[in-house]
Structure formats: structure tokens, C-alpha cells
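Enquirer: Sharing coords.cif here; it has mmCIF, C-alpha atoms.
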data_data
loop_
_atom_site.label_atom_id
_atom_site.label_comp_id
_atom_site.auth_asym_id
_atom_site.auth_seq_id
_atom_site.Cartn_x
_atom_site.Cartn_y
_atom_site.Cartn_z
CA MET D 230 -120.68 -22.59 -124.49
CA ASN D 231 -122.79 -20.95 -121.82
CA ARG D 232 -125.48 -18.62 -123.02
CA PRO D 233 -125.86 -15.20 -121.39
CA SER D 234 -127.98 -15.46 -118.29
CA PRO D 235 -131.60 -14.26 -118.51
CA SER D 236 -131.71 -10.51 -118.73
CA PRO D 237 -133.38 -8.44 -116.03
CA TYR D 238 -135.67 -7.21 -118.80
CA THR D 239 -138.77 -9.09 -119.74
CA SER D 240 -138.45 -8.75 -123.50
CA ALA D 241 -135.73 -10.10 -125.74
CA PRO D 242 -133.27 -7.40 -126.80
CA ASP D 243 -133.79 -5.65 -130.13
CA LEU D 244 -130.12 -6.22 -130.86
CA HIS D 245 -127.84 -8.92 -129.51
CA LEU D 246 -124.18 -9.20 -130.41
CA ARG D 247 -121.60 -11.76 -129.37
CA LEU D 248 -117.95 -10.91 -129.72
CA VAL D 249 -114.67 -12.17 -128.30
CA SER D 250 -112.42 -10.15 -126.01
CA ASP D 251 -110.20 -8.95 -128.84
CA PRO D 252 -109.57 -5.17 -129.09
CA ASN D 253 -109.89 -5.43 -132.88
CA TYR D 254 -113.68 -5.62 -132.44
CA LEU D 255 -113.97 -2.40 -130.42
CA SER D 256 -114.19 -0.12 -133.42
CA GLY D 257 -116.99 -2.05 -135.15
CA THR D 258 -118.96 -2.39 -131.91
CA ARG D 259 -118.70 1.36 -131.29
CA GLU D 260 -119.94 2.13 -134.79
CA LEU D 261 -122.85 -0.27 -134.44
CA VAL D 262 -123.96 1.14 -131.08
CA ALA D 263 -123.54 4.77 -132.19
CA GLY D 264 -125.50 4.05 -135.39
CA VAL D 265 -128.39 2.50 -133.48
CA ALA D 266 -128.41 5.36 -130.93
CA LYS D 267 -128.62 7.85 -133.79
CA ARG D 268 -131.65 6.07 -135.25
CA LEU D 269 -133.24 6.14 -131.80
CA GLY D 270 -133.03 9.93 -131.91
CA PHE D 271 -129.94 10.72 -129.88
CA GLY D 272 -127.86 13.70 -130.98
CA GLU D 273 -124.32 13.37 -132.25
CA GLU D 274 -122.66 14.09 -128.91
CA ALA D 275 -124.88 11.64 -127.02
CA CYS D 276 -124.27 8.92 -129.65
CA GLY D 277 -120.53 9.46 -129.18
CA HIS D 278 -120.88 9.22 -125.42
CA ILE D 279 -122.94 5.99 -125.55
CA ALA D 280 -120.36 4.42 -127.90
CA LEU D 281 -117.53 5.65 -125.64
CA ALA D 282 -119.17 4.08 -122.57
CA VAL D 283 -119.56 0.74 -124.37
CA ASP D 284 -115.94 0.94 -125.57
CA GLU D 285 -114.66 1.66 -122.06
CA ALA D 286 -116.74 -1.17 -120.61
CA LEU D 287 -115.39 -3.62 -123.20
CA CYS D 288 -111.81 -2.40 -122.58
CA ASN D 289 -112.20 -3.07 -118.85
CA ILE D 290 -113.53 -6.58 -119.52
CA ILE D 291 -110.65 -7.32 -121.92
CA ARG D 292 -107.93 -5.89 -119.69
CA HIS D 293 -109.08 -6.75 -116.20
CA GLY D 294 -111.80 -9.40 -116.58
CA TYR D 295 -110.05 -11.61 -119.10
CA ASP D 296 -106.48 -10.40 -118.37
CA LYS D 297 -106.02 -9.53 -122.09
CA ARG D 298 -107.08 -13.01 -123.24
CA ARG D 299 -108.48 -12.57 -126.74
CA ASP D 300 -111.01 -15.40 -126.84
CA GLY D 301 -113.34 -14.67 -123.91
CA PRO D 302 -117.01 -14.30 -124.89
CA ILE D 303 -118.79 -10.97 -124.43
CA TRP D 304 -122.47 -10.29 -125.18
CA VAL D 305 -123.84 -6.85 -125.91
CA SER D 306 -127.64 -6.52 -125.81
CA LEU D 307 -129.60 -3.41 -126.58
CA TRP D 308 -133.13 -2.26 -125.87
CA PRO D 309 -134.76 1.02 -126.84
CA SER D 310 -136.78 2.33 -123.94
CA ALA D 311 -139.75 4.67 -123.63
CA ASP D 312 -141.35 5.91 -120.47
CA GLY D 313 -144.58 7.18 -122.06
CA ASN D 314 -143.86 10.80 -121.14
CA GLY D 315 -142.28 11.77 -124.41
CA SER D 316 -138.87 10.79 -123.15
CA ALA D 317 -137.04 7.77 -124.44
CA GLY D 318 -133.69 6.20 -124.17
CA ILE D 319 -131.45 3.26 -124.66
CA THR D 320 -130.45 0.38 -122.41
CA VAL D 321 -127.27 -1.56 -123.14
CA VAL D 322 -126.41 -4.70 -121.17
CA ILE D 323 -122.89 -6.11 -121.44
CA GLU D 324 -122.22 -9.59 -120.07
CA ASP D 325 -119.10 -11.71 -119.87
CA GLU D 326 -117.72 -14.92 -118.43
CA ALA D 327 -114.70 -13.23 -116.93
CA LYS D 328 -113.73 -13.24 -113.27
CA GLN D 329 -116.28 -11.93 -110.84
CA ILE D 330 -115.60 -8.98 -108.62
CA ASP D 331 -117.61 -7.30 -105.91
CA PRO D 332 -119.66 -4.58 -107.68
CA GLY D 333 -118.97 -2.29 -104.72
CA ALA D 334 -115.26 -2.48 -105.47
CA ILE D 335 -115.71 -1.04 -108.96
CA LYS D 336 -114.97 2.65 -108.61
CA GLY D 337 -113.59 5.39 -110.79
CA ARG D 338 -110.22 6.61 -109.61
CA ASN D 339 -109.52 9.88 -107.87
CA LEU D 340 -109.02 12.34 -110.72
CA ASP D 341 -106.60 14.45 -108.70
CA ASP D 342 -104.20 11.55 -108.96
CA ILE D 343 -102.69 12.14 -112.41
CA ARG D 344 -101.59 8.77 -113.66
CA PRO D 345 -102.40 6.50 -116.56
CA GLY D 346 -105.17 3.95 -116.15
CA GLY D 347 -108.33 3.67 -114.07
CA LEU D 348 -110.23 6.25 -116.07
CA GLY D 349 -112.71 3.92 -117.76
CA VAL D 350 -115.23 3.57 -114.91
CA HIS D 351 -115.14 7.31 -114.27
CA ILE D 352 -115.86 8.02 -117.94
CA ILE D 353 -118.72 5.49 -118.07
CA LYS D 354 -120.37 7.03 -114.99
CA GLU D 355 -119.86 10.53 -116.33
CA VAL D 356 -121.51 9.97 -119.73
CA MET D 357 -124.35 7.55 -118.87
CA ASP D 358 -127.42 8.27 -116.70
CA GLU D 359 -127.52 4.89 -114.96
CA VAL D 360 -124.68 2.40 -114.49
CA ARG D 361 -125.14 -0.88 -112.64
CA TYR D 362 -122.62 -3.69 -112.16
CA GLU D 363 -123.82 -7.12 -111.01
CA LYS D 364 -122.39 -10.59 -110.72
CA ARG D 365 -124.06 -13.06 -113.09
CA ASP D 366 -125.45 -16.25 -111.56
CA LYS D 367 -122.45 -18.54 -111.90
CA VAL D 368 -119.71 -16.82 -113.76
CA GLY D 369 -118.92 -13.37 -115.12
CA MET D 370 -120.33 -9.90 -114.69
CA ARG D 371 -123.26 -7.94 -116.08
CA LEU D 372 -123.11 -4.22 -116.67
CA THR D 373 -126.30 -2.29 -117.38
CA LEU D 374 -125.94 1.13 -119.00
CA ILE D 375 -128.91 3.45 -119.48
CA LYS D 376 -129.03 6.78 -121.26
CA HIS D 377 -132.20 8.87 -121.35
CA ARG D 378 -133.03 11.14 -124.18
CA ALA D 379 -134.45 14.56 -123.42
CA ALA D 380 -138.21 14.84 -123.94
CA VAL D 381 -139.16 15.77 -127.48
CA PRO D 382 -141.88 18.45 -127.75
CA ALA D 383 -145.10 17.21 -129.37
CA GLY D 384 -145.07 17.47 -133.13
CA LYS D 385 -141.27 17.56 -133.39
CA GLY D 386 -139.22 14.75 -134.81
CA GLY D 387 -136.56 13.05 -132.76
CA GLY D 388 -133.53 15.09 -133.57
CA ALA D 389 -130.59 16.97 -132.12
CA MET R 595 -103.64 -9.27 -136.57
CA SER R 596 -104.79 -5.70 -136.54
CA GLU R 597 -103.72 -3.18 -139.13
CA GLU R 598 -101.00 -1.03 -137.57
CA MET R 599 -101.83 2.59 -136.90
CA ARG R 600 -99.88 5.20 -138.84
CA VAL R 601 -97.94 7.57 -136.62
CA ASP R 602 -95.89 10.28 -138.37
CA VAL R 603 -92.81 11.59 -136.57
CA THR R 604 -90.94 14.70 -137.70
CA ARG R 605 -88.16 16.69 -136.06
CA GLU R 606 -87.95 20.45 -136.26
CA GLY R 607 -84.86 21.66 -134.40
CA ASP R 608 -85.21 20.76 -130.72
CA THR R 609 -88.83 19.77 -131.22
CA VAL R 610 -90.23 16.38 -132.12
CA VAL R 611 -93.73 16.26 -133.59
CA VAL R 612 -95.69 13.02 -133.24
CA ALA R 613 -98.87 12.78 -135.31
CA PRO R 614 -101.02 9.64 -135.00
CA VAL R 615 -103.65 9.04 -137.69
CA GLY R 616 -107.05 7.40 -137.14
CA GLU R 617 -108.67 5.98 -134.01
CA VAL R 618 -106.61 5.63 -130.83
CA ASP R 619 -108.27 2.85 -128.85
CA LEU R 620 -107.07 -0.22 -126.95
CA SER R 621 -106.05 -1.95 -130.19
CA ARG R 622 -104.01 1.04 -131.40
CA SER R 623 -102.66 2.80 -128.30
CA PRO R 624 -99.73 0.35 -127.77
CA ARG R 625 -98.33 1.49 -131.15
CA LEU R 626 -98.63 5.17 -130.15
CA ARG R 627 -96.99 4.37 -126.80
CA SER R 628 -93.96 2.75 -128.46
CA VAL R 629 -93.54 5.62 -130.99
CA LEU R 630 -93.73 8.17 -128.17
CA ARG R 631 -91.19 6.28 -126.10
CA GLU R 632 -88.78 6.26 -129.01
CA ALA R 633 -89.41 9.95 -129.78
CA GLN R 634 -88.82 10.91 -126.14
CA ALA R 635 -85.67 8.80 -125.75
CA SER R 636 -83.48 11.59 -127.14
CA ARG R 637 -84.94 14.03 -124.57
CA PRO R 638 -86.11 16.69 -127.04
CA LYS R 639 -86.79 20.15 -125.59
CA ARG R 640 -90.36 20.05 -126.82
CA VAL R 641 -92.73 17.23 -127.79
CA VAL R 642 -95.74 18.25 -129.89
CA ILE R 643 -98.48 15.66 -130.29
CA ASP R 644 -100.58 16.62 -133.28
CA LEU R 645 -104.02 15.01 -132.92
CA SER R 646 -105.63 16.74 -135.90
CA GLU R 647 -106.07 13.41 -137.71
CA VAL R 648 -107.35 11.49 -134.70
CA GLU R 649 -111.12 10.99 -134.99
CA TYR R 650 -111.57 9.00 -131.80
CA MET R 651 -109.71 8.39 -128.57
CA ASP R 652 -110.65 6.31 -125.53
CA SER R 653 -109.10 6.16 -122.07
CA SER R 654 -106.27 3.90 -123.29
CA GLY R 655 -105.16 6.74 -125.60
CA VAL R 656 -105.54 9.30 -122.84
CA ALA R 657 -103.50 7.06 -120.50
CA THR R 658 -100.77 6.85 -123.16
CA LEU R 659 -100.60 10.65 -123.30
CA VAL R 660 -100.56 10.92 -119.50
CA GLU R 661 -97.60 8.52 -119.49
CA ALA R 662 -95.80 10.63 -122.14
CA PHE R 663 -96.57 13.76 -120.10
CA GLN R 664 -94.90 12.20 -117.06
CA VAL R 665 -91.84 11.21 -119.11
CA ALA R 666 -91.64 14.78 -120.52
CA ARG R 667 -91.81 16.21 -117.01
CA ARG R 668 -89.00 13.91 -115.85
CA ASN R 669 -86.91 14.87 -118.90
CA GLY R 670 -87.54 18.57 -118.42
CA SER R 671 -89.23 18.73 -121.87
CA LYS R 672 -92.34 20.66 -122.73
CA MET R 673 -95.25 18.63 -124.09
CA VAL R 674 -98.02 20.24 -126.13
CA LEU R 675 -101.14 18.69 -127.65
CA CYS R 676 -102.66 20.35 -130.70
CA GLY R 677 -105.44 20.09 -133.26
CA LEU R 678 -107.94 18.19 -131.11
CA MET R 679 -111.31 17.47 -132.78
CA ASP R 680 -114.30 18.23 -130.54
CA ARG R 681 -115.06 14.59 -129.74
CA VAL R 682 -111.42 14.01 -128.74
CA LYS R 683 -111.32 17.22 -126.70
CA SER R 684 -114.47 16.02 -124.94
CA ILE R 685 -112.75 12.95 -123.44
CA PHE R 686 -110.04 15.16 -121.92
CA GLU R 687 -112.78 17.29 -120.41
CA ILE R 688 -114.68 14.24 -119.09
CA ALA R 689 -111.43 12.93 -117.57
CA ARG R 690 -110.75 16.45 -116.27
CA LEU R 691 -107.32 16.39 -117.85
CA ASP R 692 -107.91 19.37 -120.15
CA THR R 693 -106.30 21.68 -117.61
CA ILE R 694 -103.26 19.45 -117.05
CA PHE R 695 -102.09 19.41 -120.66
CA THR R 696 -101.02 22.43 -122.69
CA ILE R 697 -103.44 22.34 -125.65
CA THR R 698 -103.21 24.60 -128.70
CA ALA R 699 -105.51 24.94 -131.71
CA ASN R 700 -102.98 23.81 -134.31
CA ARG R 701 -99.41 22.70 -134.94
CA GLU R 702 -98.15 26.21 -135.77
CA ALA R 703 -99.35 27.51 -132.40
CA ALA R 704 -97.82 24.49 -130.65
CA LEU R 705 -94.46 25.15 -132.28
CA ARG R 706 -94.61 28.78 -131.18
CA SER R 707 -95.67 27.97 -127.61
#
Take the structure in the file and give it back as C-alpha cells.

Expert:
Amino acid sequence: MNRPSPSPYTSAPDLHLRLVSDPNYLSGTRELVAGVAKRLGFGEEACGHIALAVDEALCNIIRHGYDKRRDGPIWVSLWPSADGNGSAGITVVIEDEAKQIDPGAIKGRNLDDIRPGGLGVHIIKEVMDEVRYEKRDKVGMRLTLIKHRAAVPAGKGGGA
Amino acid sequence: MSEEMRVDVTREGDTVVVAPVGEVDLSRSPRLRSVLREAQASRPKRVVIDLSEVEYMDSSGVATLVEAFQVARRNGSKMVLCGLMDRVKSIFEIARLDTIFTITANREAALRS
């Protein structure tokens, strides 16, 4: 089994999860990510959005990357981030061994076109601050999702 | 195998009410899709989808409702969503579909609409 390729980040992730491309694991992964985001100080709505973005990313990998195969490996890695200015955030990297596509071809659909499907990428871009798709070295894709948390005034706990 | 999602279906005159329970994600939305298809097969005048017991929905659930909306339009039926929790309402807003669907606060209002 291939390991995930080296991350663009210098440190090992604080949390690293391997799952297979089976929709039954979406719910547990969402809960895990939302729970960690909450402990990192994100508010309830932001936690929901981060979990939603991860869910949508995993759905796209399952449906389009692995063509609904249920045994493809997926790795979710998570880093808390701090920029030293009182603001902090979360970085989630999702990697797979599914088919590679040109990152430039990954676009949200035109929302004026009312039809089922194609909403996932739009939702991810709408709820996260930074979204980056890349091809991994030999096989699969890497998606980096970053959400910043609003600066917390000195003396206040991380809340809201 | 995944545990099957509960979807309650009741008929009130010319109206069919479909009420899924729990989380509507990629593992559960196929079940909702098949229940909706069956409920819409008789071309009811009005389809009410009661989401008051849905705690979470992702784009696969939204896509299922868009599909049902298109079937309703073809059938000449009215489709109303009701009882959306804030986090479910939020995905319709993010997808900018909140203005496409008729959404009411609760089932009673949907049945009167």
C-alpha cells in the first residue's frame, strides 16, 4: 500500500486518519473534524462548515475519483495553524489514490443552472478560506483546505 | 451494510408528506430518492418534504431535492419544504437554492400553502 506523499507542511499532522471510500464513514469523519475544530476555538457555524467541506470533498473523491468503488484509500490530515497575530486556524489535507485530473478543470458549477449534482466544489469554496487542488506525485489528488479563525482579543478565551 | 434511513410517508388528501429522519448524506440520500420517486409516482397535487428531523444534509441530499423539484414541476405538483433546522437551511443558502424552493416554518404552514 502506498503511503500518502510527503505533505507540503514541514511538521507531521496533529491528526491523521485513513479511511476507505465508503460513504458509511462520512458521518464519523465529519464528527471527528467538527469536534477538533471546536476544540481549536471555532464557533458552531464554522465547525459545521469545516465538516461540510470535508464531507463534500470526500463525496467527490468517492463518486468521481473512485467511481463509487468502496475500497479506495483516503487520508485526512489535520494541522492547527497560528500566524502569531492572535489569529489561528485549521488546515485539512485530503489525499487519495484515485484518478488524477487537471486542477484547473475542477470548478463549481454555474448556480443559475438548476440541476442536481456539481454543487460540492462550489460549497467547499464558499465555506473555506483557501482551497487548493494538486496532483500527487504519481497517483491521486491532494486537496488542501484552510479556514482562518477571527482574531481573538487579548485576554479573551477562544470562543464563539 | 449501512443502517437504512427512516423516511415517514403520510397522505393527507391530495398531499403527500415525506419526512426523512436523521442525516441525509451520500450514504443515505439514495434511500430518500427512492421514497420520493415512489411518493411522486401517483402525481399528488402537493408534495411536502418535512425536514424537521433532519440534523444534517450535504449536497447529495440537496441534489435529491432538486431532482424531486424537477419531477414536481413536470407533474404540475407543488413542492414545499418545511421545518428546516438552521444548519440545513444554511446549505440551501450556500447553494443559493433557498429562493428556488418554497420553504415554510413547519408542516402546518406547508399544508396551508

Enquirer: On this structure, the PyMOL selection byres ((chain R) within 12 of (chain D)) would catch which residues? List them as a ChimeraX atom specification, sorted by chain and number.

Expert: /R:595-598,616-624,627,649-665,680-695

Enquirer: Would you export the selected residues with C-alpha atoms as a PDB file, keeping the file's coordinate frame, please?

Expert:
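So the final result, stored in selection.pdb, reads:
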ATOM      1  CA  MET R 595    -103.640  -9.270-136.570  1.00  0.00           C
ATOM      2  CA  SER R 596    -104.790  -5.700-136.540  1.00  0.00           C
ATOM      3  CA  GLU R 597    -103.720  -3.180-139.130  1.00  0.00           C
ATOM      4  CA  GLU R 598    -101.000  -1.030-137.570  1.00  0.00           C
ATOM      5  CA  GLY R 616    -107.050   7.400-137.140  1.00  0.00           C
ATOM      6  CA  GLU R 617    -108.670   5.980-134.010  1.00  0.00           C
ATOM      7  CA  VAL R 618    -106.610   5.630-130.830  1.00  0.00           C
ATOM      8  CA  ASP R 619    -108.270   2.850-128.850  1.00  0.00           C
ATOM      9  CA  LEU R 620    -107.070  -0.220-126.950  1.00  0.00           C
ATOM     10  CA  SER R 621    -106.050  -1.950-130.190  1.00  0.00           C
ATOM     11  CA  ARG R 622    -104.010   1.040-131.400  1.00  0.00           C
ATOM     12  CA  SER R 623    -102.660   2.800-128.300  1.00  0.00           C
ATOM     13  CA  PRO R 624     -99.730   0.350-127.770  1.00  0.00           C
ATOM     14  CA  ARG R 627     -96.990   4.370-126.800  1.00  0.00           C
ATOM     15  CA  GLU R 649    -111.120  10.990-134.990  1.00  0.00           C
ATOM     16  CA  TYR R 650    -111.570   9.000-131.800  1.00  0.00           C
ATOM     17  CA  MET R 651    -109.710   8.390-128.570  1.00  0.00           C
ATOM     18  CA  ASP R 652    -110.650   6.310-125.530  1.00  0.00           C
ATOM     19  CA  SER R 653    -109.100   6.160-122.070  1.00  0.00           C
ATOM     20  CA  SER R 654    -106.270   3.900-123.290  1.00  0.00           C
ATOM     21  CA  GLY R 655    -105.160   6.740-125.600  1.00  0.00           C
ATOM     22  CA  VAL R 656    -105.540   9.300-122.840  1.00  0.00           C
ATOM     23  CA  ALA R 657    -103.500   7.060-120.500  1.00  0.00           C
ATOM     24  CA  THR R 658    -100.770   6.850-123.160  1.00  0.00           C
ATOM     25  CA  LEU R 659    -100.600  10.650-123.300  1.00  0.00           C
ATOM     26  CA  VAL R 660    -100.560  10.920-119.500  1.00  0.00           C
ATOM     27  CA  GLU R 661     -97.600   8.520-119.490  1.00  0.00           C
ATOM     28  CA  ALA R 662     -95.800  10.630-122.140  1.00  0.00           C
ATOM     29  CA  PHE R 663     -96.570  13.760-120.100  1.00  0.00           C
ATOM     30  CA  GLN R 664     -94.900  12.200-117.060  1.00  0.00           C
ATOM     31  CA  VAL R 665     -91.840  11.210-119.110  1.00  0.00           C
ATOM     32  CA  ASP R 680    -114.300  18.230-130.540  1.00  0.00           C
ATOM     33  CA  ARG R 681    -115.060  14.590-129.740  1.00  0.00           C
ATOM     34  CA  VAL R 682    -111.420  14.010-128.740  1.00  0.00           C
ATOM     35  CA  LYS R 683    -111.320  17.220-126.700  1.00  0.00           C
ATOM     36  CA  SER R 684    -114.470  16.020-124.940  1.00  0.00           C
ATOM     37  CA  ILE R 685    -112.750  12.950-123.440  1.00  0.00           C
ATOM     38  CA  PHE R 686    -110.040  15.160-121.920  1.00  0.00           C
ATOM     39  CA  GLU R 687    -112.780  17.290-120.410  1.00  0.00           C
ATOM     40  CA  ILE R 688    -114.680  14.240-119.090  1.00  0.00           C
ATOM     41  CA  ALA R 689    -111.430  12.930-117.570  1.00  0.00           C
ATOM     42  CA  ARG R 690    -110.750  16.450-116.270  1.00  0.00           C
ATOM     43  CA  LEU R 691    -107.320  16.390-117.850  1.00  0.00           C
ATOM     44  CA  ASP R 692    -107.910  19.370-120.150  1.00  0.00           C
ATOM     45  CA  THR R 693    -106.300  21.680-117.610  1.00  0.00           C
ATOM     46  CA  ILE R 694    -103.260  19.450-117.050  1.00  0.00           C
ATOM     47  CA  PHE R 695    -102.090  19.410-120.660  1.00  0.00           C
TER      48      PHE R 695
END

Enquirer: I need every residue sitting at most 8 Å from the point (-128.4, 5.8, -116.0) (coordinates as in the file, only C-alpha atoms considered), written as number ranges by chain.

Expert: D: 357-360, 374-377

Enquirer: Where does the PyMOL selection byres ((chain R and resi 608) around 6) land in this file, that is, which residues does it pick, as a ChimeraX atom specification?

Expert: /R:607,609,638-639

Enquirer: If we count all atoms listed in the file, what is near Val368 in chain D at a cut-off of 9 Å, once residues fewer than 6 positions away on the same chain are taken out, given as a PyMOL selection string?

Expert: chain D and resi 325-329

Enquirer: Calculate how many Å separate CA of Cys276 in chain D from CA of Trp308 in chain D, rounding to one decimal.

Expert: 14.8 Å

Enquirer: Calculated over only C-alpha atoms, which of the candidates D:Ser250, D:Thr373, D:Ser240, D:Asn289 has the smallest distance to Thr320 in chain D?

Expert: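 Comparing D:Ser250, D:Thr373, D:Ser240, D:Asn289 against Thr320 in chain D, the winner is D:Thr373.
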
Enquirer: Specify as a list of chain:residue names each residue included when the PyMOL selection byres ((chain R and resi 678) around 8) is applied to this file.

Expert: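 Selection result, ordered by chain and number: R:Asp644, R:Leu645, R:Ser646, R:Val648, R:Leu675, R:Cys676, R:Gly677, R:Met679, R:Asp680, R:Val682, R:Lys683, R:Ala699.
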
Enquirer: Would you save the residues of that selection, restricted to C-alpha atoms, as a PDB file, in the frame of the given file?

Expert:
ATOM      1  CA  ASP R 644    -100.580  16.620-133.280  1.00  0.00           C
ATOM      2  CA  LEU R 645    -104.020  15.010-132.920  1.00  0.00           C
ATOM      3  CA  SER R 646    -105.630  16.740-135.900  1.00  0.00           C
ATOM      4  CA  VAL R 648    -107.350  11.490-134.700  1.00  0.00           C
ATOM      5  CA  LEU R 675    -101.140  18.690-127.650  1.00  0.00           C
ATOM      6  CA  CYS R 676    -102.660  20.350-130.700  1.00  0.00           C
ATOM      7  CA  GLY R 677    -105.440  20.090-133.260  1.00  0.00           C
ATOM      8  CA  MET R 679    -111.310  17.470-132.780  1.00  0.00           C
ATOM      9  CA  ASP R 680    -114.300  18.230-130.540  1.00  0.00           C
ATOM     10  CA  VAL R 682    -111.420  14.010-128.740  1.00  0.00           C
ATOM     11  CA  LYS R 683    -111.320  17.220-126.700  1.00  0.00           C
ATOM     12  CA  ALA R 699    -105.510  24.940-131.710  1.00  0.00           C
TER      13      ALA R 699
END

Enquirer: In Å, how far is it from CA of Val601 in chain R to CA of Val283 in chain D?

Expert: 25.8 Å

Enquirer: Figure out the distance between CA of Arg640 in chain R and CA of Leu626 in chain R, please, to one decimal in Å.

Expert: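 For CA of Leu626 in chain R relative to CA of Arg640 in chain R, the distance reads 17.3 Å.
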